[in-house]
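Novice: For reference, this is coords.txt, and it has compact mmCIF, C-alpha atoms and all ligand atoms.
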```txt
# COMPACT_ATOMS: atom_id res chain seq x y z
CA MET A 1 -88.04 -211.25 73.93
CA GLU A 2 -84.97 -210.66 71.78
CA ASN A 3 -82.65 -207.84 72.83
CA GLY A 4 -83.05 -205.89 69.61
CA GLU A 5 -86.76 -205.51 70.29
CA ARG A 6 -86.12 -204.39 73.88
CA GLU A 7 -83.69 -201.75 72.64
CA ARG A 8 -86.10 -200.58 69.93
CA ARG A 9 -88.88 -200.12 72.48
CA ALA A 10 -86.52 -198.42 74.94
CA GLU A 11 -85.61 -195.93 72.20
CA LEU A 12 -89.30 -195.29 71.41
CA LEU A 13 -90.01 -194.76 75.11
CA ALA A 14 -87.07 -192.36 75.39
CA GLN A 15 -88.42 -190.31 72.48
CA ALA A 16 -91.95 -190.31 73.93
CA SER A 17 -90.56 -189.31 77.32
CA THR A 18 -88.78 -186.31 75.78
CA ALA A 19 -92.06 -185.22 74.19
CA ALA A 20 -93.90 -185.62 77.51
CA ALA A 21 -91.26 -183.55 79.31
CA ALA A 22 -91.85 -180.68 76.88
CA CYS A 23 -95.61 -180.65 77.57
CA ARG A 24 -97.08 -177.65 79.43
CA LYS A 25 -100.77 -178.30 78.81
CA CYS A 26 -101.66 -178.12 82.51
CA PRO A 27 -100.60 -175.56 85.13
CA ILE A 28 -98.90 -178.40 87.05
CA GLY A 29 -96.49 -178.67 84.11
CA TYR A 30 -94.99 -175.34 85.23
CA GLU A 31 -94.92 -176.26 88.91
CA ARG A 32 -93.31 -179.69 88.87
CA ARG A 33 -89.57 -180.28 89.21
CA ASN A 34 -89.38 -183.39 87.04
CA ASN A 35 -91.56 -185.06 84.48
CA VAL A 36 -92.07 -188.53 85.93
CA TYR A 37 -92.60 -190.46 82.73
CA GLY A 38 -92.29 -194.08 83.90
CA GLU A 39 -89.71 -196.83 84.19
CA GLY A 40 -89.23 -200.55 83.89
CA ASP A 41 -88.89 -203.25 81.29
CA PRO A 42 -89.93 -201.99 77.82
CA CYS A 43 -91.12 -205.55 77.14
CA ALA A 44 -92.92 -205.97 80.47
CA ARG A 45 -95.88 -208.31 80.58
CA LEU A 46 -97.39 -206.29 83.44
CA MET A 47 -97.90 -202.52 83.40
CA VAL A 48 -98.74 -200.84 86.71
CA VAL A 49 -100.52 -197.49 86.49
CA GLY A 50 -100.80 -195.25 89.55
CA GLU A 51 -102.43 -191.86 89.84
CA GLY A 52 -99.65 -189.28 89.76
CA PRO A 53 -96.18 -188.54 91.13
CA GLY A 54 -95.86 -187.44 94.74
CA GLU A 55 -93.18 -185.26 96.27
CA THR A 56 -90.41 -187.89 96.34
CA GLU A 57 -91.18 -188.97 92.77
CA ASP A 58 -91.13 -185.33 91.63
CA GLN A 59 -87.74 -184.84 93.28
CA LEU A 60 -86.21 -187.98 91.78
CA GLY A 61 -88.05 -188.11 88.44
CA ARG A 62 -89.03 -191.75 89.07
CA PRO A 63 -92.45 -193.28 89.77
CA PHE A 64 -93.34 -194.98 93.04
CA VAL A 65 -90.11 -194.44 94.95
CA GLY A 66 -91.62 -193.08 98.20
CA ARG A 67 -93.39 -195.06 100.94
CA ALA A 68 -96.20 -196.17 98.63
CA GLY A 69 -93.55 -197.32 96.16
CA GLN A 70 -91.84 -199.44 98.78
CA LEU A 71 -95.15 -201.15 99.49
CA LEU A 72 -95.74 -201.57 95.75
CA ASP A 73 -92.37 -203.33 95.47
CA ARG A 74 -93.45 -205.73 98.24
CA MET A 75 -96.83 -206.30 96.57
CA LEU A 76 -95.07 -207.23 93.34
CA ALA A 77 -92.59 -209.45 95.16
CA ALA A 78 -95.55 -211.29 96.70
CA ILE A 79 -96.49 -212.44 93.20
CA GLU A 80 -92.88 -213.13 92.32
CA LEU A 81 -92.27 -210.08 90.20
CA ALA A 82 -89.27 -207.81 90.63
CA ARG A 83 -89.82 -204.11 90.06
CA GLU A 84 -87.40 -204.25 87.09
CA GLU A 85 -89.57 -206.88 85.38
CA VAL A 86 -92.68 -204.70 85.17
CA TYR A 87 -93.32 -201.22 83.77
CA ILE A 88 -94.49 -198.60 86.27
CA CYS A 89 -96.08 -195.28 85.40
CA ASN A 90 -98.95 -192.97 86.28
CA THR A 91 -102.04 -191.45 84.68
CA VAL A 92 -100.28 -188.06 84.83
CA LYS A 93 -96.58 -187.40 84.51
CA CYS A 94 -96.43 -184.15 86.51
CA ARG A 95 -96.96 -183.93 90.27
CA PRO A 96 -100.42 -182.55 91.10
CA THR A 97 -100.18 -180.23 94.10
CA LEU A 98 -102.35 -178.28 96.47
CA ALA A 99 -101.03 -175.15 98.18
CA GLY A 100 -100.90 -175.61 101.96
CA PRO A 101 -99.66 -173.59 104.92
CA TYR A 102 -96.45 -175.64 105.01
CA GLY A 103 -95.85 -175.76 101.26
CA ALA A 104 -97.25 -177.78 98.39
CA ARG A 105 -99.11 -180.99 99.25
CA ASN A 106 -99.83 -183.96 97.00
CA ARG A 107 -103.31 -184.34 95.56
CA ALA A 108 -105.03 -186.69 93.11
CA PRO A 109 -104.95 -185.59 89.45
CA ASP A 110 -108.21 -184.08 88.20
CA ALA A 111 -110.15 -185.31 85.16
CA GLN A 112 -108.77 -182.58 82.88
CA GLU A 113 -105.16 -183.34 83.83
CA MET A 114 -105.72 -187.05 83.20
CA GLU A 115 -107.30 -186.30 79.84
CA ASN A 116 -104.43 -183.98 78.84
CA CYS A 117 -101.86 -186.61 79.77
CA ARG A 118 -103.74 -189.54 78.25
CA PRO A 119 -101.94 -189.51 74.88
CA PHE A 120 -98.65 -190.11 76.73
CA LEU A 121 -100.12 -193.03 78.66
CA ASP A 122 -101.68 -194.47 75.49
CA GLN A 123 -98.30 -194.24 73.76
CA GLN A 124 -96.64 -196.13 76.62
CA ILE A 125 -99.29 -198.84 76.41
CA ALA A 126 -98.88 -199.07 72.64
CA ILE A 127 -95.08 -199.37 72.85
CA ILE A 128 -94.98 -201.86 75.73
CA ALA A 129 -98.10 -203.80 74.67
CA PRO A 130 -98.41 -205.38 78.13
CA GLN A 131 -100.32 -208.60 78.67
CA VAL A 132 -102.02 -207.16 81.77
CA ILE A 133 -102.57 -203.66 83.19
CA LEU A 134 -102.94 -203.16 86.95
CA ALA A 135 -104.57 -199.84 87.87
CA LEU A 136 -103.88 -198.65 91.40
CA GLY A 137 -106.59 -196.63 93.10
CA SER A 138 -109.73 -194.85 92.07
CA PRO A 139 -108.32 -192.05 89.84
CA ALA A 140 -106.36 -194.54 87.72
CA ALA A 141 -109.40 -196.84 87.49
CA LYS A 142 -111.66 -193.92 86.51
CA SER A 143 -109.23 -192.80 83.84
CA PHE A 144 -109.64 -196.19 82.13
CA LEU A 145 -113.20 -197.15 83.03
CA GLY A 146 -115.07 -193.88 83.39
CA ARG A 147 -116.05 -191.60 86.22
CA ASP A 148 -118.80 -193.90 87.54
CA PHE A 149 -116.25 -196.52 88.59
CA GLN A 150 -116.54 -197.26 92.34
CA ILE A 151 -113.45 -198.99 93.60
CA THR A 152 -114.93 -200.65 96.69
CA ARG A 153 -117.70 -202.27 94.66
CA MET A 154 -115.99 -202.83 91.33
CA ARG A 155 -112.33 -203.69 91.99
CA GLY A 156 -111.10 -207.26 91.71
CA ARG A 157 -112.71 -208.08 88.34
CA TRP A 158 -111.31 -208.18 84.85
CA TYR A 159 -112.12 -205.33 82.49
CA ALA A 160 -111.09 -204.64 78.92
CA GLY A 161 -108.52 -201.84 79.07
CA PRO A 162 -106.89 -199.94 76.18
CA ARG A 163 -106.12 -202.15 73.16
CA ASP A 164 -108.38 -204.75 74.83
CA THR A 165 -105.66 -205.41 77.40
CA PRO A 166 -107.01 -207.25 80.47
CA LEU A 167 -107.24 -204.64 83.23
CA MET A 168 -107.40 -205.28 86.97
CA VAL A 169 -108.07 -202.58 89.56
CA THR A 170 -106.92 -202.76 93.15
CA PHE A 171 -106.47 -200.36 96.03
CA HIS A 172 -103.60 -197.89 95.87
CA PRO A 173 -100.70 -198.79 98.21
CA ALA A 174 -100.96 -195.30 99.78
CA TYR A 175 -104.57 -196.15 100.70
CA VAL A 176 -103.41 -199.45 102.23
CA LEU A 177 -100.81 -197.53 104.28
CA ARG A 178 -103.50 -195.16 105.56
CA GLN A 179 -105.65 -197.98 106.97
CA THR A 180 -105.65 -198.51 110.70
CA GLY A 181 -107.14 -200.94 113.20
CA GLY A 182 -109.77 -203.37 112.03
CA GLU A 183 -109.85 -202.12 108.42
CA ILE A 184 -106.32 -203.10 107.54
CA GLU A 185 -106.67 -206.89 107.41
CA GLY A 186 -109.75 -206.74 105.14
CA VAL A 187 -108.08 -204.32 102.72
CA LYS A 188 -104.89 -206.41 102.58
CA ARG A 189 -106.96 -209.53 101.87
CA MET A 190 -108.69 -207.81 98.94
CA VAL A 191 -105.38 -206.54 97.51
CA TRP A 192 -103.88 -210.01 97.84
CA ALA A 193 -106.83 -211.56 95.97
CA ASP A 194 -106.42 -209.00 93.16
CA LEU A 195 -102.68 -209.63 92.93
CA LYS A 196 -103.22 -213.38 92.77
CA ALA A 197 -105.67 -212.86 89.91
CA VAL A 198 -102.98 -210.87 88.07
CA ARG A 199 -100.44 -213.65 88.64
CA ALA A 200 -102.90 -216.26 87.37
CA LYS A 201 -103.63 -214.19 84.25
CA LEU A 202 -99.90 -213.82 83.53
CA ASP A 203 -99.43 -217.58 83.96
CA ALA A 204 -102.42 -218.57 81.83
CA PRO A 205 -101.77 -219.59 78.23
CA PRO A 206 -102.58 -216.73 75.81
CA GLU A 207 -106.26 -216.57 74.95
CA VAL A 208 -107.17 -217.85 71.49
CA PRO A 209 -109.36 -215.23 69.78
CA HIS A 210 -112.98 -216.27 69.29
CA VAL A 211 -113.71 -216.93 65.63
CA GLN A 212 -117.21 -216.18 64.33
CA ALA A 213 -119.12 -219.07 62.74
CA VAL A 214 -118.03 -219.49 59.14
CA GLU A 215 -120.31 -221.12 56.63
CA ILE A 216 -118.43 -223.73 54.58
CA ARG A 217 -120.19 -224.68 51.38
CA GLN A 218 -119.06 -228.18 50.48
CA ALA A 219 -120.01 -227.71 46.86
CA SER A 220 -117.59 -224.86 46.43
CA LEU A 221 -114.71 -227.26 46.99
CA PHE A 222 -115.57 -229.05 43.78
CA GLU A 223 -116.71 -226.12 41.67
CA ALA A 224 -115.07 -225.97 38.28
CA ARG A 225 -112.80 -222.98 37.92
N1 LIG B 301 -98.48 -192.50 94.08
C1 LIG B 301 -98.77 -192.64 92.77
O1 LIG B 301 -99.91 -192.79 92.37
N2 LIG B 301 -97.75 -192.63 91.92
C2 LIG B 301 -96.50 -192.49 92.28
O2 LIG B 301 -95.63 -192.49 91.41
C3 LIG B 301 -96.23 -192.35 93.65
C4 LIG B 301 -97.23 -192.36 94.54
```
Rewrite the structure of this file - the entire thing - as structure tokens.

Specialist:
Amino acid sequence: MENGERERRAELLAQASTAAAACRKCPIGYERRNNVYGEGDPCARLMVVGEGPGETEDQLGRPFVGRAGQLLDRMLAAIELAREEVYICNTVKCRPTLAGPYGARNRAPDAQEMENCRPFLDQQIAIIAPQVILALGSPAAKSFLGRDFQITRMRGRWYAGPRDTPLMVTFHPAYVLRQTGGEIEGVKRMVWADLKAVRAKLDAPPEVPHVQAVEIRQASLFEAR
């Protein structure tokens, strides 16, 4: 990708990020410290979409920089992708919280918050035009594929995401980190299979669009004008 195009997209993302930071559609917009818009290569072939910023992300204004983010970096490295080569963002840009006895705790974004934030995510997808989207965890999958999506049964297959972008769903790295004992190996195997499918899709030659049958009338070639 030529540098001019990368700079043009970076500028569009910067403008969109400023608009997202001004948004106060949800109560969490007033509670968060930073708007965690997203980061990475504006020309990335892979876009990773998580659920929402956690405490560390809210503090630093960057997605996936806590423990789950460190595992995400290792997951990407396993398919030979550096964090800087992909674009990383979330379904919502503000940290969803739950009041607890020891202060605010992270929670998954609700359907309304994801719907309110969707125009910002759609803009990111339109600007970056990734070749593949990887949704991490059930909330991100549901935001693309509807509330009936069941991650344990339906992950690991290709779906048509926004703009017909091939979409893969896998388990969220935070979920992987929560696994203990006998569960962990099975979950890691499934994540690895999903990541390999992403790698294969990125390596495959671009799909040629299917052309409907076209009737060619021989006679028309010789018709007098
Ligand atoms: N979990 C997410 O879904 N997103 C982040 O940015 C961090 C943790």

Novice: Identify, counting all atoms listed in the file, the protein, DNA and RNA residues located within 6 Å of ligand LIG 301 (chain B), and give them as a PyMOL selection string.

Specialist: chain A and resi 50-54+57+63-64+68+90

Novice: Using all atoms listed in the file, which residues of region 79-117 of chain A come within 12 Å of region 201-208 of chain A, and what is the closest atom pair for each, with the distance in Å to one decimal? Give it as JSON lines, sorted by chain and residue number.

Specialist:
```
{"residue": "A:Ile79", "atom": "CA", "partner": "A:Leu202", "partner_atom": "CA", "distance": 10.3}
{"residue": "A:Glu80", "atom": "CA", "partner": "A:Leu202", "partner_atom": "CA", "distance": 11.3}
{"residue": "A:Leu81", "atom": "CA", "partner": "A:Leu202", "partner_atom": "CA", "distance": 10.8}
{"residue": "A:Val86", "atom": "CA", "partner": "A:Leu202", "partner_atom": "CA", "distance": 11.7}
```

Novice: Any idea what the distance is between CA of Leu136 (chain A) and CA of Ala44 (chain A)?

Specialist: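 So the answer is 17.1 Å.
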
Novice: Within 6 Å of region 141-156 of chain A, counting only C-alpha atoms, which residues qualify if same-chain residues fewer than 2 places away don't, as a ChimeraX atom specification?

Specialist: /A:135,138-139,169-170,194

Novice: Just to confirm, what's the straight-line distance from CA of Thr97 (chain A) to CA of Gln112 (chain A) in Å (one decimal)?

Specialist: 14.3 Å

Novice: Which value, in Å to one decimal, gives the distance between CA of Ala160 (chain A) and CA of Gly137 (chain A)?

Specialist: 16.9 Å

Novice: Quick one: residues within 10 Å of Ile125 (chain A), only C-alpha atoms, excluding same-chain residues fewer than 5 positions away - as a list in words?

Specialist: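 Final neighbour list, sorted by chain and number: Pro42, Met47, Tyr87, Pro119, Phe120, Pro130, Ile133, Pro162, Arg163 and Thr165 of chain A.
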
Novice: Find the residue from A:Arg74, A:Arg118, A:Cys26, A:Leu134 that sits nearest to Pro96 (chain A); use all atoms listed in the file when measuring.

Specialist: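 Looking at the shortest contact to Pro96 (chain A), the residue is A:Cys26.
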
Novice: Can you work out which one of A:Ala14, A:Val36, A:Val176, A:Val211 has the shortest atom-to-atom distance to Asp58 (chain A), counting only C-alpha atoms?

Specialist: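 So, comparing all the options, the nearest one is A:Val36.
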
Novice: Looking at only C-alpha atoms, which of A:Arg217, A:Arg67, A:Ala111, A:Asp164 is the one that sits closest to Ala126 (chain A)?

Specialist: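 Looking only at the distances to Ala126 (chain A), the closest residue turns out to be A:Asp164.
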
Novice: If we count all atoms listed in the file and set the cut-off at 12 Å, which residues sit around Glu11 (chain A), ignoring sequence neighbours fewer than 6 positions away in its own chain? Please answer as a compact mmCIF listing (two decimals) with C-alpha atoms, in the frame of the given file.

Specialist:
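Saved file around21.txt follows:
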```txt
# COMPACT_ATOMS: atom_id res chain seq x y z
CA GLY A 4 -83.05 -205.89 69.61
CA GLU A 5 -86.76 -205.51 70.29
CA SER A 17 -90.56 -189.31 77.32
CA THR A 18 -88.78 -186.31 75.78
CA PRO A 42 -89.93 -201.99 77.82
CA GLN A 124 -96.64 -196.13 76.62
CA ILE A 127 -95.08 -199.37 72.85
CA ILE A 128 -94.98 -201.86 75.73
```

Novice: Find the residue from A:Lys188, A:Arg157, A:Lys196, A:Arg33 that sits nearest to Phe171 (chain A); use all atoms listed in the file when measuring.

Specialist: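 Between A:Lys188, A:Arg157, A:Lys196, A:Arg33, the residue approaching Phe171 (chain A) most closely is A:Lys188.
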
Novice: Choose the residue, out of A:Ala197, A:Val65, A:Leu72, A:Cys117, that has the smallest atom-to-atom separation from Pro166 (chain A); count only C-alpha atoms.

Specialist: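 Ranking A:Ala197, A:Val65, A:Leu72, A:Cys117 by distance to Pro166 (chain A), first place goes to A:Ala197.
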
Novice: Nearest to Leu195 (chain A) among A:Ile88, A:Glu55, A:Trp158, A:Asp41, with distances taken over only C-alpha atoms: which residue is it?

Specialist: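 For Leu195 (chain A), the nearest of the candidates is A:Trp158.
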